[in-house]
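This is input.cif. It holds mmCIF, C-alpha atoms.
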```cif
data_upload
#
loop_
_atom_site.label_atom_id
_atom_site.label_comp_id
_atom_site.auth_asym_id
_atom_site.auth_seq_id
_atom_site.Cartn_x
_atom_site.Cartn_y
_atom_site.Cartn_z
CA MET A 1 -108.37 -17.60 -42.97
CA SER A 2 -105.10 -19.30 -42.07
CA ILE A 3 -102.83 -17.15 -39.96
CA GLU A 4 -99.65 -19.10 -40.74
CA THR A 5 -97.26 -16.38 -41.96
CA ASN A 6 -96.46 -17.76 -45.43
CA THR A 7 -100.12 -18.48 -46.17
CA LEU A 8 -101.12 -15.08 -44.79
CA ALA A 9 -98.60 -13.33 -47.06
CA LEU A 10 -99.79 -15.27 -50.12
CA ASN A 11 -103.49 -14.63 -49.39
CA ILE A 12 -102.89 -10.92 -48.76
CA SER A 13 -100.72 -10.56 -51.86
CA ASN A 14 -103.37 -12.25 -54.03
CA ALA A 15 -106.19 -10.12 -52.57
CA LEU A 16 -104.24 -6.89 -53.08
CA ASN A 17 -103.29 -7.86 -56.65
CA THR A 18 -106.91 -8.76 -57.45
CA ALA A 19 -107.99 -5.34 -56.24
CA GLY A 20 -105.48 -3.80 -58.64
CA THR A 21 -103.41 -2.17 -55.94
CA ASN A 22 -99.66 -1.73 -56.01
CA TYR A 23 -98.45 -3.50 -52.85
CA THR A 24 -95.78 -6.02 -51.95
CA ALA A 25 -96.11 -8.66 -49.23
CA ASN A 26 -92.96 -10.39 -47.99
CA VAL A 27 -92.26 -12.78 -45.15
CA ILE A 28 -89.60 -11.35 -42.82
CA ASP A 29 -87.70 -13.40 -40.21
CA LEU A 30 -87.74 -11.66 -36.83
CA GLY A 31 -85.31 -14.11 -35.24
CA GLU A 32 -86.50 -15.30 -31.85
CA TYR A 33 -89.84 -13.54 -32.39
CA GLY A 34 -90.78 -15.70 -35.38
CA THR A 35 -91.86 -14.35 -38.74
CA THR A 36 -94.04 -11.48 -39.91
CA CYS A 37 -95.76 -10.54 -43.13
CA GLU A 38 -94.40 -7.13 -44.14
CA ILE A 39 -96.58 -5.15 -46.52
CA THR A 40 -95.42 -2.07 -48.36
CA ARG A 41 -97.06 0.13 -50.95
CA HIS A 42 -94.95 1.26 -53.89
CA GLY A 43 -94.08 4.92 -53.50
CA SER A 44 -94.56 4.90 -49.72
CA ASP A 45 -92.01 4.50 -46.95
CA ARG A 46 -94.55 3.07 -44.50
CA LYS A 47 -94.52 -0.63 -43.64
CA LEU A 48 -97.26 -2.71 -42.09
CA HIS A 49 -96.32 -5.87 -40.20
CA LEU A 50 -98.93 -8.59 -39.69
CA THR A 51 -97.53 -11.05 -37.16
CA PRO A 52 -99.36 -14.21 -36.11
CA VAL A 53 -98.85 -14.68 -32.38
CA GLU A 54 -99.99 -17.15 -29.75
CA ASP A 55 -103.63 -18.12 -29.35
CA ASP A 56 -104.43 -17.38 -33.03
CA LEU A 57 -104.02 -13.61 -32.69
CA ILE A 58 -102.60 -11.32 -35.36
CA ASP A 59 -100.63 -8.28 -34.25
CA MET A 60 -100.67 -5.37 -36.68
CA VAL A 61 -97.98 -2.68 -36.44
CA LEU A 62 -97.64 0.28 -38.81
CA TYR A 63 -94.17 1.86 -39.09
CA ASP A 64 -93.22 5.19 -40.63
CA GLU A 65 -90.22 5.80 -42.89
CA THR A 66 -87.81 5.99 -39.92
CA GLY A 67 -89.04 2.77 -38.33
CA ASN A 68 -91.10 4.41 -35.59
CA THR A 69 -94.41 2.85 -34.67
CA VAL A 70 -97.31 4.93 -35.98
CA ALA A 71 -100.15 2.62 -34.93
CA ASN A 72 -100.73 -0.89 -33.70
CA GLY A 73 -103.59 -3.23 -32.97
CA THR A 74 -104.51 -6.86 -32.54
CA LEU A 75 -107.01 -9.00 -34.40
CA PHE A 76 -108.25 -11.39 -31.75
CA ASP A 77 -108.81 -15.08 -32.44
CA LYS A 78 -112.43 -14.85 -33.61
CA ALA A 79 -111.73 -11.86 -35.88
CA ALA A 80 -108.51 -13.42 -37.20
CA ALA A 81 -110.28 -16.70 -37.99
CA ASN A 82 -113.29 -15.05 -39.65
CA ILE A 83 -111.69 -12.22 -41.64
CA THR A 84 -111.36 -12.82 -45.36
CA PRO A 85 -108.23 -11.91 -47.32
CA GLU A 86 -110.30 -9.28 -49.13
CA GLU A 87 -111.42 -7.66 -45.86
CA LEU A 88 -107.85 -7.68 -44.57
CA ALA A 89 -106.64 -6.20 -47.86
CA HIS A 90 -109.15 -3.37 -47.40
CA LEU A 91 -107.72 -2.65 -43.92
CA ILE A 92 -104.22 -2.63 -45.42
CA GLU A 93 -105.27 -0.13 -48.09
CA ILE A 94 -106.62 2.15 -45.36
CA CYS A 95 -103.41 1.90 -43.31
CA LEU A 96 -100.94 2.39 -46.09
#
```

Since I need it in another form, could you write the structure as structure tokens?
Amino acid sequence: MSIETNTLALNISNALNTAGTNYTANVIDLGEYGTTCEITRHGSDRKLHLTPVEDDLIDMVLYDETGNTVANGTLFDKAAANITPEELAHLIEICL
């Protein structure tokens, strides 16, 4: 799967919509830190950021309603390259 932010957001959005879930995926500009794919579930104040970083890694950070970090993790290059949008959508459903 491509980890370019716009493509990531589109793939995730399509996978979540296909599964019939009620999520929104937007690309957010983080200034000097690049861009992230912000995923929210309707009716929830949590936000999940999926941020492609150097060496084909994807950082995942879950924020609560006040913006505090609840959890974080990294999909390393092999996992990021081999994960399907559907598998990533399943992880998102678990997190949010």

Name the closest residue to Ser44 of chain A among the candidates A:Glu93, A:Glu65, A:Asp59, A:Glu4; distances are taken between atoms, counting all atoms listed in the file.
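Nearest to Ser44 of chain A: A:Glu65.
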
Applied to the shown file, which residues does the PyMOL selection byres ((chain A and resi 15) around 12) return, written as a list in words?
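Output from the PyMOL selection byres ((chain A and resi 15) around 12), applied to this file: Leu8, Ala9, Leu10, Asn11, Ile12, Ser13, Asn14, Leu16, Asn17, Thr18, Ala19, Gly20, Thr21, Asn22, Tyr23, Thr24, Ala25, Thr84, Pro85, Glu86, Glu87, Leu88, Ala89, His90, Leu91, Ile92 and Glu93 of chain A.
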
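Taking all atoms listed in the file into account, Thr35 of chain A lies nearest to A:Thr7 out of the set A:Thr7, A:Leu62, A:Val70, A:Asp55.
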
Pairwise distance for atom CA of Cys95 of chain A and atom CA of Leu48 of chain A, rounded to one decimal in Å:
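Straight-line distance from atom CA of Cys95 of chain A to atom CA of Leu48 of chain A works out to 7.8 Å.
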
Which residue, A:Phe76, A:Asn68, A:Pro52, A:Met60, has the smallest gap to Ile39 of chain A when you use only C-alpha atoms?
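So, comparing all the options, the nearest one is A:Met60.
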
Best match for closeness to Ala81 of chain A among A:Asn6, A:Asp56, A:His42, A:Glu32, counting only C-alpha atoms
A:Asp56

Report as an NGL selection string all protein, DNA and RNA residues lying within 7 Å of Leu50 of chain A, evaluated on all atoms listed in the file, omitting residues in the same chain fewer than 6 positions from it.
:A and (36-38 or 58-61)

Give me the residues near Arg46 of chain A as a PDB file with C-alpha atoms, in the frame of the given file, where near means some atom within 7 Å (using all atoms listed in the file) and where sequence neighbours in that chain fewer than 4 positions away do not count.
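Saved result, selection-v6.pdb, follows:
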```
ATOM      1  CA  THR A  40     -95.420  -2.070 -48.360  1.00  0.00           C
ATOM      2  CA  TYR A  63     -94.170   1.860 -39.090  1.00  0.00           C
ATOM      3  CA  ASP A  64     -93.220   5.190 -40.630  1.00  0.00           C
ATOM      4  CA  GLU A  65     -90.220   5.800 -42.890  1.00  0.00           C
ATOM      5  CA  LEU A  96    -100.940   2.390 -46.090  1.00  0.00           C
TER       6      LEU A  96
END
```

Box time for segment 42-60 of chain A: axis-aligned, enclosing all its listed atoms, 6 Å extra on each side; report centre and edge lengths in Å to one decimal, as lines of an AutoDock Vina configuration file.
```
center_x = -98.2
center_y = -6.6
center_z = -41.6
size_x = 24.4
size_y = 35.0
size_z = 36.5
```

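Going from atom CA of Leu57 of chain A over to atom CA of Leu75 of chain A, you cover 5.8 Å.
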
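Nearest to Thr74 of chain A of all the residues A:Asp29, A:Arg41, A:Ile94, A:Glu54 is A:Glu54, based on only C-alpha atoms.
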
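For the residues A:Ile28, A:Ile3, A:Tyr33, A:Thr51, ranking by smallest atom-to-atom distance to Ala79 of chain A using all atoms listed in the file places A:Ile3 first.
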
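Atom pair atom CA of Lys47 of chain A / atom CA of Gly73 of chain A: separated by 14.2 Å.
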